[in-house]
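See below for query.pdb, which holds PDB, C-alpha atoms and all ligand atoms.
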```
ATOM      1  CA  MET A1347      33.071 137.162 155.410  1.00  0.00           C
ATOM      2  CA  LYS A1348      34.349 140.332 157.113  1.00  0.00           C
ATOM      3  CA  GLN A1349      37.991 140.948 157.832  1.00  0.00           C
ATOM      4  CA  ILE A1350      39.966 143.828 159.313  1.00  0.00           C
ATOM      5  CA  ILE A1351      43.080 144.855 157.437  1.00  0.00           C
ATOM      6  CA  GLN A1352      45.732 147.367 158.383  1.00  0.00           C
ATOM      7  CA  CYS A1353      47.593 149.499 155.893  1.00  0.00           C
ATOM      8  CA  GLN A1354      49.033 152.934 155.291  1.00  0.00           C
ATOM      9  CA  LEU A1355      46.490 155.024 153.430  1.00  0.00           C
ATOM     10  CA  ASN A1356      47.799 158.303 152.052  1.00  0.00           C
ATOM     11  CA  GLY A1357      50.522 158.297 154.672  1.00  0.00           C
ATOM     12  CA  LYS A1358      48.382 157.439 157.664  1.00  0.00           C
ATOM     13  CA  PRO A1359      47.899 154.068 159.360  1.00  0.00           C
ATOM     14  CA  VAL A1360      44.305 152.859 159.020  1.00  0.00           C
ATOM     15  CA  GLU A1361      42.194 149.812 159.735  1.00  0.00           C
ATOM     16  CA  LEU A1362      39.649 148.917 157.095  1.00  0.00           C
ATOM     17  CA  VAL A1363      36.765 146.570 157.631  1.00  0.00           C
ATOM     18  CA  ILE A1364      36.349 144.743 154.378  1.00  0.00           C
ATOM     19  CA  ASP A1365      34.553 141.805 152.891  1.00  0.00           C
ATOM     20  CA  VAL A1366      37.171 139.280 151.762  1.00  0.00           C
ATOM     21  CA  ARG A1367      35.593 139.235 148.282  1.00  0.00           C
ATOM     22  CA  GLN A1368      35.557 143.012 148.010  1.00  0.00           C
ATOM     23  CA  SER A1369      37.662 144.945 145.516  1.00  0.00           C
ATOM     24  CA  LEU A1370      40.104 147.554 146.756  1.00  0.00           C
ATOM     25  CA  LEU A1371      38.099 150.128 144.790  1.00  0.00           C
ATOM     26  CA  ALA A1372      34.910 149.279 146.690  1.00  0.00           C
ATOM     27  CA  ALA A1373      36.733 149.238 150.030  1.00  0.00           C
ATOM     28  CA  LEU A1374      38.286 152.654 149.403  1.00  0.00           C
ATOM     29  CA  ARG A1375      34.994 154.147 148.299  1.00  0.00           C
ATOM     30  CA  ASP A1376      33.260 152.654 151.364  1.00  0.00           C
ATOM     31  CA  HIS A1377      35.951 154.403 153.404  1.00  0.00           C
ATOM     32  CA  GLY A1378      34.892 157.731 151.857  1.00  0.00           C
ATOM     33  CA  LEU A1379      37.643 157.952 149.248  1.00  0.00           C
ATOM     34  CA  THR A1380      35.477 158.391 146.193  1.00  0.00           C
ATOM     35  CA  GLY A1381      38.160 159.980 144.016  1.00  0.00           C
ATOM     36  CA  CYS A1382      38.969 156.656 142.415  1.00  0.00           C
ATOM     37  CA  LYS A1383      36.207 155.884 139.947  1.00  0.00           C
ATOM     38  CA  GLU A1384      34.625 152.770 138.561  1.00  0.00           C
ATOM     39  CA  GLY A1385      34.570 153.117 134.794  1.00  0.00           C
ATOM     40  CA  CYS A1386      34.562 149.605 133.410  1.00  0.00           C
ATOM     41  CA  GLY A1387      35.027 147.474 136.514  1.00  0.00           C
ATOM     42  CA  VAL A1388      37.083 144.928 134.581  1.00  0.00           C
ATOM     43  CA  GLY A1389      40.593 146.360 134.378  1.00  0.00           C
ATOM     44  CA  GLU A1390      40.279 148.094 131.006  1.00  0.00           C
ATOM     45  CA  CYS A1391      39.964 151.839 131.613  1.00  0.00           C
ATOM     46  CA  GLY A1392      42.254 152.860 134.477  1.00  0.00           C
ATOM     47  CA  ALA A1393      39.710 155.204 136.095  1.00  0.00           C
ATOM     48  CA  CYS A1394      40.225 153.307 139.350  1.00  0.00           C
ATOM     49  CA  THR A1395      44.043 153.571 139.385  1.00  0.00           C
ATOM     50  CA  VAL A1396      45.670 153.836 142.820  1.00  0.00           C
ATOM     51  CA  LEU A1397      49.238 153.121 143.903  1.00  0.00           C
ATOM     52  CA  ILE A1398      50.169 150.123 146.031  1.00  0.00           C
ATOM     53  CA  ASP A1399      53.740 150.512 147.257  1.00  0.00           C
ATOM     54  CA  GLU A1400      54.174 153.119 144.478  1.00  0.00           C
ATOM     55  CA  VAL A1401      52.991 150.736 141.738  1.00  0.00           C
ATOM     56  CA  PRO A1402      49.841 151.761 139.825  1.00  0.00           C
ATOM     57  CA  VAL A1403      47.106 149.125 139.945  1.00  0.00           C
ATOM     58  CA  ASP A1404      43.537 148.856 138.724  1.00  0.00           C
ATOM     59  CA  SER A1405      41.818 148.812 142.090  1.00  0.00           C
ATOM     60  CA  CYS A1406      38.609 147.413 140.556  1.00  0.00           C
ATOM     61  CA  ILE A1407      40.322 144.080 139.898  1.00  0.00           C
ATOM     62  CA  THR A1408      42.530 144.094 142.989  1.00  0.00           C
ATOM     63  CA  LEU A1409      41.168 142.430 146.092  1.00  0.00           C
ATOM     64  CA  ALA A1410      41.074 144.701 149.127  1.00  0.00           C
ATOM     65  CA  VAL A1411      42.880 142.039 151.186  1.00  0.00           C
ATOM     66  CA  ARG A1412      45.961 142.738 149.059  1.00  0.00           C
ATOM     67  CA  ALA A1413      46.253 146.090 150.826  1.00  0.00           C
ATOM     68  CA  GLU A1414      47.157 144.395 154.120  1.00  0.00           C
ATOM     69  CA  GLY A1415      50.456 145.849 155.331  1.00  0.00           C
ATOM     70  CA  ARG A1416      50.937 147.892 152.160  1.00  0.00           C
ATOM     71  CA  GLU A1417      51.127 151.571 151.392  1.00  0.00           C
ATOM     72  CA  ILE A1418      48.182 152.838 149.377  1.00  0.00           C
ATOM     73  CA  ARG A1419      48.090 156.220 147.646  1.00  0.00           C
ATOM     74  CA  THR A1420      44.896 157.666 146.240  1.00  0.00           C
ATOM     75  CA  ILE A1421      44.137 161.000 144.611  1.00  0.00           C
ATOM     76  CA  GLU A1422      42.873 162.357 147.948  1.00  0.00           C
ATOM     77  CA  GLY A1423      46.379 162.224 149.401  1.00  0.00           C
ATOM     78  CA  GLU A1424      48.115 164.105 146.610  1.00  0.00           C
ATOM     79  CA  SER A1425      47.330 167.686 147.594  1.00  0.00           C
ATOM     80  CA  VAL A1426      48.944 168.930 150.803  1.00  0.00           C
ATOM     81  CA  ASN A1427      47.436 171.734 152.893  1.00  0.00           C
ATOM     82  CA  GLY A1428      45.177 172.646 150.001  1.00  0.00           C
ATOM     83  CA  GLU A1429      48.072 172.849 147.517  1.00  0.00           C
ATOM     84  CA  LEU A1430      47.842 170.695 144.454  1.00  0.00           C
ATOM     85  CA  SER A1431      50.645 168.240 143.779  1.00  0.00           C
ATOM     86  CA  PRO A1432      52.921 169.173 140.860  1.00  0.00           C
ATOM     87  CA  VAL A1433      51.189 166.590 138.673  1.00  0.00           C
ATOM     88  CA  GLN A1434      47.717 167.824 139.619  1.00  0.00           C
ATOM     89  CA  GLN A1435      48.829 171.397 138.888  1.00  0.00           C
ATOM     90  CA  ALA A1436      50.262 170.305 135.542  1.00  0.00           C
ATOM     91  CA  TYR A1437      46.888 168.790 134.563  1.00  0.00           C
ATOM     92  CA  VAL A1438      45.169 172.056 135.488  1.00  0.00           C
ATOM     93  CA  ASP A1439      47.733 174.200 133.670  1.00  0.00           C
ATOM     94  CA  ALA A1440      47.516 172.046 130.540  1.00  0.00           C
ATOM     95  CA  GLY A1441      43.711 172.113 130.566  1.00  0.00           C
ATOM     96  CA  ALA A1442      43.781 168.324 130.614  1.00  0.00           C
ATOM     97  CA  VAL A1443      40.483 167.920 132.443  1.00  0.00           C
ATOM     98  CA  GLN A1444      37.125 167.793 130.703  1.00  0.00           C
ATOM     99  CA  CYS A1445      34.397 165.839 132.541  1.00  0.00           C
ATOM    100  CA  GLY A1446      37.114 164.726 134.968  1.00  0.00           C
ATOM    101  CA  PHE A1447      35.999 161.121 135.375  1.00  0.00           C
ATOM    102  CA  CYS A1448      39.300 159.664 134.172  1.00  0.00           C
ATOM    103  CA  THR A1449      41.442 162.350 135.787  1.00  0.00           C
ATOM    104  CA  PRO A1450      42.131 160.851 139.249  1.00  0.00           C
ATOM    105  CA  GLY A1451      43.318 157.616 137.655  1.00  0.00           C
ATOM    106  CA  LEU A1452      45.434 159.463 135.101  1.00  0.00           C
ATOM    107  CA  VAL A1453      46.995 161.689 137.745  1.00  0.00           C
ATOM    108  CA  MET A1454      47.957 158.662 139.843  1.00  0.00           C
ATOM    109  CA  LYS A1455      49.407 156.918 136.803  1.00  0.00           C
ATOM    110  CA  THR A1456      51.417 160.022 135.850  1.00  0.00           C
ATOM    111  CA  THR A1457      52.580 160.467 139.439  1.00  0.00           C
ATOM    112  CA  ALA A1458      54.009 156.949 139.585  1.00  0.00           C
ATOM    113  CA  TYR A1459      55.578 157.447 136.158  1.00  0.00           C
ATOM    114  CA  VAL A1460      57.337 160.747 136.810  1.00  0.00           C
ATOM    115  CA  GLU A1461      58.392 159.838 140.344  1.00  0.00           C
ATOM    116  CA  GLY A1462      59.834 156.587 138.984  1.00  0.00           C
ATOM    117  CA  LEU A1463      61.715 158.473 136.267  1.00  0.00           C
ATOM    118  CA  ALA A1464      63.053 160.976 138.766  1.00  0.00           C
ATOM    119  CA  GLN A1465      64.247 158.177 141.038  1.00  0.00           C
ATOM    120  CA  SER A1466      65.897 156.139 138.323  1.00  0.00           C
ATOM    121  CA  ALA A1467      67.665 159.130 136.797  1.00  0.00           C
ATOM    122  CA  GLY A1468      68.282 161.107 139.946  1.00  0.00           C
ATOM    123  CA  GLY A1469      65.991 163.713 138.363  1.00  0.00           C
ATOM    124  CA  CYS A1470      64.358 162.755 135.113  1.00  0.00           C
ATOM    125  CA  CYS A1471      65.574 165.591 132.915  1.00  0.00           C
ATOM    126  CA  GLN A1472      69.271 165.068 133.222  1.00  0.00           C
ATOM    127  CA  ASN A1473      69.808 164.804 129.494  1.00  0.00           C
ATOM    128  CA  GLY A1474      67.498 167.657 128.555  1.00  0.00           C
ATOM    129  CA  ASN A1475      66.042 166.539 125.244  1.00  0.00           C
ATOM    130  CA  LYS A1476      62.737 165.614 123.638  1.00  0.00           C
ATOM    131  CA  SER A1477      60.021 165.948 126.323  1.00  0.00           C
ATOM    132  CA  GLY A1478      62.533 167.353 128.679  1.00  0.00           C
ATOM    133  CA  GLY A1479      64.713 164.413 129.557  1.00  0.00           C
ATOM    134  CA  ASN A1480      65.894 160.878 129.175  1.00  0.00           C
ATOM    135  CA  GLY A1481      64.930 160.817 125.509  1.00  0.00           C
ATOM    136  CA  ILE A1482      61.265 160.493 126.412  1.00  0.00           C
ATOM    137  CA  ASP A1483      58.966 161.624 123.630  1.00  0.00           C
ATOM    138  CA  ARG A1484      55.216 161.999 123.354  1.00  0.00           C
ATOM    139  CA  ASN A1485      54.787 158.482 122.025  1.00  0.00           C
ATOM    140  CA  ASP A1486      56.595 157.091 125.069  1.00  0.00           C
ATOM    141  CA  ILE A1487      54.163 159.019 127.263  1.00  0.00           C
ATOM    142  CA  ARG A1488      51.187 157.693 125.283  1.00  0.00           C
ATOM    143  CA  LYS A1489      52.418 154.112 125.612  1.00  0.00           C
ATOM    144  CA  GLU A1490      53.023 154.536 129.336  1.00  0.00           C
ATOM    145  CA  HIS A1491      49.456 155.810 129.807  1.00  0.00           C
ATOM    146  CA  ALA A1492      47.822 153.363 127.401  1.00  0.00           C
ATOM    147  CA  GLY A1493      45.906 151.679 130.229  1.00  0.00           C
ATOM    148  CA  ASN A1494      44.088 154.900 131.086  1.00  0.00           C
ATOM    149  CA  LEU A1495      41.217 155.736 128.784  1.00  0.00           C
ATOM    150  CA  CYS A1496      39.501 159.100 128.456  1.00  0.00           C
ATOM    151  CA  ARG A1497      36.005 159.071 126.977  1.00  0.00           C
ATOM    152  CA  CYS A1498      36.277 162.812 126.376  1.00  0.00           C
ATOM    153  CA  THR A1499      39.406 162.021 124.335  1.00  0.00           C
ATOM    154  CA  GLY A1500      41.486 164.903 125.588  1.00  0.00           C
ATOM    155  CA  TYR A1501      44.673 162.992 125.078  1.00  0.00           C
ATOM    156  CA  GLN A1502      46.823 165.763 123.614  1.00  0.00           C
ATOM    157  CA  THR A1503      46.474 167.899 126.708  1.00  0.00           C
ATOM    158  CA  VAL A1504      47.076 164.878 128.941  1.00  0.00           C
ATOM    159  CA  VAL A1505      50.393 164.329 127.162  1.00  0.00           C
ATOM    160  CA  ASP A1506      51.120 168.058 127.607  1.00  0.00           C
ATOM    161  CA  ALA A1507      50.450 167.651 131.343  1.00  0.00           C
ATOM    162  CA  VAL A1508      52.784 164.668 131.602  1.00  0.00           C
ATOM    163  CA  GLU A1509      55.518 166.573 129.762  1.00  0.00           C
ATOM    164  CA  LYS A1510      55.108 169.456 132.178  1.00  0.00           C
ATOM    165  CA  SER A1511      55.256 167.033 135.121  1.00  0.00           C
ATOM    166  CA  ILE A1512      58.459 165.512 133.776  1.00  0.00           C
ATOM    167  CA  ARG A1513      60.007 168.952 133.468  1.00  0.00           C
ATOM    168  CA  TYR A1514      58.945 169.793 137.026  1.00  0.00           C
ATOM    169  CA  TYR A1515      60.534 166.665 138.459  1.00  0.00           C
ATOM    170  CA  GLY A1516      63.659 167.405 136.479  1.00  0.00           C
ATOM    171  CA  GLY A1517      63.853 170.836 138.051  1.00  0.00           C
ATOM    172  CA  GLN A1518      62.742 172.787 134.958  1.00  0.00           C
ATOM    173  CA  LYS A1519      59.363 174.216 135.988  1.00  0.00           C
TER     174      LYS A1519
HETATM  175  S1  LIG A1601      37.237 150.719 136.582  1.00  0.00           S
HETATM  176 FE1  LIG A1601      39.086 149.716 136.971  1.00  0.00          FE
HETATM  177  S2  LIG A1601      40.074 149.567 135.084  1.00  0.00           S
HETATM  178 FE2  LIG A1601      38.119 150.441 134.620  1.00  0.00          FE
HETATM  179  S1  LIG A1602      37.970 163.956 130.947  1.00  0.00           S
HETATM  180 FE1  LIG A1602      36.071 162.930 130.618  1.00  0.00          FE
HETATM  181  S2  LIG A1602      36.635 160.834 130.566  1.00  0.00           S
HETATM  182 FE2  LIG A1602      38.502 161.873 130.566  1.00  0.00          FE
END
```
As structure tokens, how would this structure be written, given the file I've shared?
Ligand code: FES
Ligand code: FES
Amino acid sequence: MKQIIQCQLNGKPVELVIDVRQSLLAALRDHGLTGCKEGCGVGECGACTVLIDEVPVDSCITLAVRAEGREIRTIEGESVNGELSPVQQAYVDAGAVQCGFCTPGLVMKTTAYVEGLAQSAGGCCQNGNKSGGNGIDRNDIRKEHAGNLCRCTGYQTVVDAVEKSIRYYGGQK
């Protein structure tokens, strides 16, 4: 059964025609936003991560109808006027991209993480220790990103990229 839903998609109001049984991942990809990937399709790998009202979700196991009236962020909305977001730039600078399949999901997860830290601490590097603030160390970053798998196993550079993102949001570029 078809249904029309309205939501904010990367900052713009949109109407999406969806099937009520359709996943958010499928609906977004049908809408041309193919940055979010289907890795496992069962909520295990995080390749499909998008933000709903700033909360990272596995869009493969989220029904598209849940987007009604919500704010959705996907990787396509992160660069502005051709400029990469700070988190995207950090992934590039750290060399944290190999085949790239997991990268959109990881970037969205990191974005929610560092923006959340910055909000809760009024800038996430106020205390200036360990990974650059709030006592966060590399194991904390690994735990926070445990739902995002990389088959190329470039995890060290991903953690480097998250550390760099944390420093950026704390004002230490
Ligand atoms: S494709 Fe959604 S969690 Fe793997
Ligand atoms: S870079 Fe290839 S799956 Fe992560």
Taking all atoms of range 1448-1453 of chain A that the file lists and extending 8 Å past them on each side, where is the centre of the axis-aligned box and how long are its edges? Answer in Å to one decimal, as JSON.
```
{"center_x": 43.1, "center_y": 160.0, "center_z": 136.7, "size_x": 23.7, "size_y": 20.7, "size_z": 21.1}
```
So that each row is one residue of chain A with an atom at most 10 Å from ligand LIG 1601 (chain A), can you give its shortest atom pair and the distance in Å to one decimal, using all atoms listed in the file, rows by chain and rising number, as a tab-separated table?
```
residue	atom	partner	partner_atom	distance
A:Ser1369	CA	A:LIG1601	FE1	9.9
A:Leu1371	CA	A:LIG1601	FE1	7.9
A:Cys1382	CA	A:LIG1601	S1	8.5
A:Lys1383	CA	A:LIG1601	S1	6.2
A:Glu1384	CA	A:LIG1601	S1	3.9
A:Gly1385	CA	A:LIG1601	S1	4.0
A:Cys1386	CA	A:LIG1601	FE2	3.8
A:Gly1387	CA	A:LIG1601	S1	3.9
A:Val1388	CA	A:LIG1601	S2	5.5
A:Gly1389	CA	A:LIG1601	S2	3.3
A:Glu1390	CA	A:LIG1601	S2	4.3
A:Cys1391	CA	A:LIG1601	FE2	3.8
A:Gly1392	CA	A:LIG1601	S2	4.0
A:Ala1393	CA	A:LIG1601	S1	5.1
A:Cys1394	CA	A:LIG1601	FE1	4.5
A:Thr1395	CA	A:LIG1601	FE1	6.7
A:Val1396	CA	A:LIG1601	FE1	9.7
A:Val1403	CA	A:LIG1601	S2	8.6
A:Asp1404	CA	A:LIG1601	FE1	4.9
A:Ser1405	CA	A:LIG1601	FE1	5.9
A:Cys1406	CA	A:LIG1601	FE1	4.3
A:Ile1407	CA	A:LIG1601	FE1	6.5
A:Thr1408	CA	A:LIG1601	FE1	8.9
A:Cys1448	CA	A:LIG1601	FE2	9.3
A:Gly1451	CA	A:LIG1601	FE1	9.0
A:Gly1493	CA	A:LIG1601	S2	7.9
A:Asn1494	CA	A:LIG1601	S2	7.8
A:Leu1495	CA	A:LIG1601	FE2	8.5
```
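Take CA of Gly1415 in chain A and CA of Asn1427 in chain A: the distance between them is 26.2 Å.
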message = For this structure, which residues satisfy the selection - the PyMOL selection byres (((chain A and resi 1484) around 12) and not hetatm) - when it is evaluated on the file as given? I want them as an MDAnalysis selection string.
response = chainID A and resid 1475:1479 1481:1483 1485:1491 1501:1510 1512
Take the PyMOL selection byres (((not hetatm)) within 9 of (chain A and resi 1602)), run it mentally on this structure, and tell me the resulting residues as a PDB file with C-alpha atoms, keeping the file's coordinate frame.
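Heads up, here's the output in expr_1.pdb:
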```pdb
ATOM      1  CA  ALA A1393      39.710 155.204 136.095  1.00  0.00           C
ATOM      2  CA  ALA A1442      43.781 168.324 130.614  1.00  0.00           C
ATOM      3  CA  VAL A1443      40.483 167.920 132.443  1.00  0.00           C
ATOM      4  CA  GLN A1444      37.125 167.793 130.703  1.00  0.00           C
ATOM      5  CA  CYS A1445      34.397 165.839 132.541  1.00  0.00           C
ATOM      6  CA  GLY A1446      37.114 164.726 134.968  1.00  0.00           C
ATOM      7  CA  PHE A1447      35.999 161.121 135.375  1.00  0.00           C
ATOM      8  CA  CYS A1448      39.300 159.664 134.172  1.00  0.00           C
ATOM      9  CA  THR A1449      41.442 162.350 135.787  1.00  0.00           C
ATOM     10  CA  LEU A1452      45.434 159.463 135.101  1.00  0.00           C
ATOM     11  CA  ASN A1494      44.088 154.900 131.086  1.00  0.00           C
ATOM     12  CA  LEU A1495      41.217 155.736 128.784  1.00  0.00           C
ATOM     13  CA  CYS A1496      39.501 159.100 128.456  1.00  0.00           C
ATOM     14  CA  ARG A1497      36.005 159.071 126.977  1.00  0.00           C
ATOM     15  CA  CYS A1498      36.277 162.812 126.376  1.00  0.00           C
ATOM     16  CA  THR A1499      39.406 162.021 124.335  1.00  0.00           C
ATOM     17  CA  GLY A1500      41.486 164.903 125.588  1.00  0.00           C
ATOM     18  CA  TYR A1501      44.673 162.992 125.078  1.00  0.00           C
TER      19      TYR A1501
END
```
request  = Would you mind listing what lies within 10 Å of Asp1365 in chain A as a ChimeraX atom specification, with all atoms listed in the file counted and same-chain residues fewer than 5 positions away left out?
outcome  = /A:1347-1350,1372-1373,1409-1411
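Near Ala1436 in chain A, within 7 Å and counting only C-alpha atoms, sit Pro1432, Val1433, Asp1439, Ala1440, Ala1507, Lys1510 and Ser1511 of chain A; same-chain residues fewer than 3 positions away were not included.
With distances restricted to all atoms listed in the file, A:Asn1356 is the closest residue to Ile1421 in chain A from A:Gln1435, A:Gln1465, A:Asn1356, A:Gln1368.
Across the model, the gap from CA of Val1460 in chain A to CA of Arg1416 in chain A is 21.0 Å.
CA of Ile1418 in chain A to CA of Asp1399 in chain A spans 6.4 Å [interatomic distance, one decimal].
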task = Mind checking which residues fall within 12 Å of Cys1353 in chain A, counting only C-alpha atoms, ignoring those fewer than 5 positions away in the same chain, and posting them as a ChimeraX atom specification?
result = /A:1358-1363,1370,1374,1398-1399,1410-1419
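Counting all atoms listed in the file and comparing A:Gly1516, A:Gly1423, A:Gly1441, A:Gly1428, the residue that lies closest to Ser1466 in chain A is A:Gly1516.
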Mind writing range 1420-1499 of chain A to a file for me, with C-alpha atoms, as an mmCIF file, in the first residue's frame?
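out_29.cif, freshly written:
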```cif
data_model
loop_
_atom_site.group_PDB
_atom_site.id
_atom_site.type_symbol
_atom_site.label_atom_id
_atom_site.label_comp_id
_atom_site.auth_asym_id
_atom_site.auth_seq_id
_atom_site.Cartn_x
_atom_site.Cartn_y
_atom_site.Cartn_z
ATOM 1 C CA THR A 1420 22.024 11.506 5.183
ATOM 2 C CA ILE A 1421 25.596 11.689 3.938
ATOM 3 C CA GLU A 1422 24.450 13.707 0.908
ATOM 4 C CA GLY A 1423 23.544 16.648 3.132
ATOM 5 C CA GLU A 1424 26.838 16.867 4.986
ATOM 6 C CA SER A 1425 28.923 18.801 2.471
ATOM 7 C CA VAL A 1426 27.877 22.401 1.848
ATOM 8 C CA ASN A 1427 28.631 24.210 -1.418
ATOM 9 C CA GLY A 1428 31.103 21.497 -2.326
ATOM 10 C CA GLU A 1429 32.956 21.765 1.003
ATOM 11 C CA LEU A 1430 33.262 18.630 3.040
ATOM 12 C CA SER A 1431 31.915 18.658 6.579
ATOM 13 C CA PRO A 1432 34.585 18.646 9.308
ATOM 14 C CA VAL A 1433 33.945 14.950 9.930
ATOM 15 C CA GLN A 1434 34.158 14.086 6.232
ATOM 16 C CA GLN A 1435 37.405 16.070 5.994
ATOM 17 C CA ALA A 1436 38.766 14.278 9.056
ATOM 18 C CA TYR A 1437 38.111 10.893 7.398
ATOM 19 C CA VAL A 1438 39.958 12.074 4.289
ATOM 20 C CA ASP A 1439 42.861 13.529 6.272
ATOM 21 C CA ALA A 1440 43.209 10.360 8.349
ATOM 22 C CA GLY A 1441 43.106 8.136 5.262
ATOM 23 C CA ALA A 1442 40.174 6.323 6.835
ATOM 24 C CA VAL A 1443 38.571 5.300 3.552
ATOM 25 C CA GLN A 1444 39.468 2.138 1.679
ATOM 26 C CA CYS A 1445 36.693 0.691 -0.521
ATOM 27 C CA GLY A 1446 34.382 3.285 1.040
ATOM 28 C CA PHE A 1447 31.317 1.081 1.431
ATOM 29 C CA CYS A 1448 31.092 1.571 5.196
ATOM 30 C CA THR A 1449 32.193 5.203 5.111
ATOM 31 C CA PRO A 1450 28.849 7.045 4.749
ATOM 32 C CA GLY A 1451 27.435 5.141 7.715
ATOM 33 C CA LEU A 1452 30.565 5.719 9.783
ATOM 34 C CA VAL A 1453 30.632 9.422 8.968
ATOM 35 C CA MET A 1454 27.001 9.808 10.045
ATOM 36 C CA LYS A 1455 27.667 7.895 13.251
ATOM 37 C CA THR A 1456 30.730 10.042 14.021
ATOM 38 C CA THR A 1457 28.812 13.214 13.193
ATOM 39 C CA ALA A 1458 26.074 12.409 15.702
ATOM 40 C CA TYR A 1459 28.710 11.439 18.264
ATOM 41 C CA VAL A 1460 30.885 14.543 18.047
ATOM 42 C CA GLU A 1461 27.960 16.943 17.707
ATOM 43 C CA GLY A 1462 26.393 15.330 20.780
ATOM 44 C CA LEU A 1463 29.649 15.684 22.716
ATOM 45 C CA ALA A 1464 30.013 19.301 21.673
ATOM 46 C CA GLN A 1465 26.454 20.049 22.767
ATOM 47 C CA SER A 1466 26.693 18.313 26.110
ATOM 48 C CA ALA A 1467 30.029 19.899 26.983
ATOM 49 C CA GLY A 1468 29.547 23.232 25.290
ATOM 50 C CA GLY A 1469 32.476 22.165 23.093
ATOM 51 C CA CYS A 1470 33.767 18.669 23.603
ATOM 52 C CA CYS A 1471 37.394 19.426 24.392
ATOM 53 C CA GLN A 1472 36.930 21.567 27.431
ATOM 54 C CA ASN A 1473 39.139 19.413 29.608
ATOM 55 C CA GLY A 1474 41.843 18.862 27.013
ATOM 56 C CA ASN A 1475 43.057 15.354 27.756
ATOM 57 C CA LYS A 1476 43.258 11.910 26.189
ATOM 58 C CA SER A 1477 41.694 12.142 22.697
ATOM 59 C CA GLY A 1478 41.351 15.824 23.103
ATOM 60 C CA GLY A 1479 38.614 16.214 25.657
ATOM 61 C CA ASN A 1480 36.193 14.919 28.206
ATOM 62 C CA GLY A 1481 38.461 12.008 29.071
ATOM 63 C CA ILE A 1482 37.501 10.225 25.869
ATOM 64 C CA ASP A 1483 40.069 7.666 24.791
ATOM 65 C CA ARG A 1484 40.397 5.439 21.756
ATOM 66 C CA ASN A 1485 38.539 2.596 23.425
ATOM 67 C CA ASP A 1486 35.586 4.897 24.099
ATOM 68 C CA ILE A 1487 35.568 5.784 20.404
ATOM 69 C CA ARG A 1488 35.714 2.101 19.429
ATOM 70 C CA LYS A 1489 32.804 1.260 21.723
ATOM 71 C CA GLU A 1490 30.762 4.174 20.398
ATOM 72 C CA HIS A 1491 31.307 2.974 16.816
ATOM 73 C CA ALA A 1492 30.915 -0.733 17.558
ATOM 74 C CA GLY A 1493 27.741 -0.938 15.464
ATOM 75 C CA ASN A 1494 29.594 0.119 12.322
ATOM 76 C CA LEU A 1495 31.607 -2.627 10.696
ATOM 77 C CA CYS A 1496 34.334 -2.184 8.099
ATOM 78 C CA ARG A 1497 35.133 -5.217 5.960
ATOM 79 C CA CYS A 1498 38.395 -3.570 4.924
ATOM 80 C CA THR A 1499 39.212 -3.377 8.649
#
```
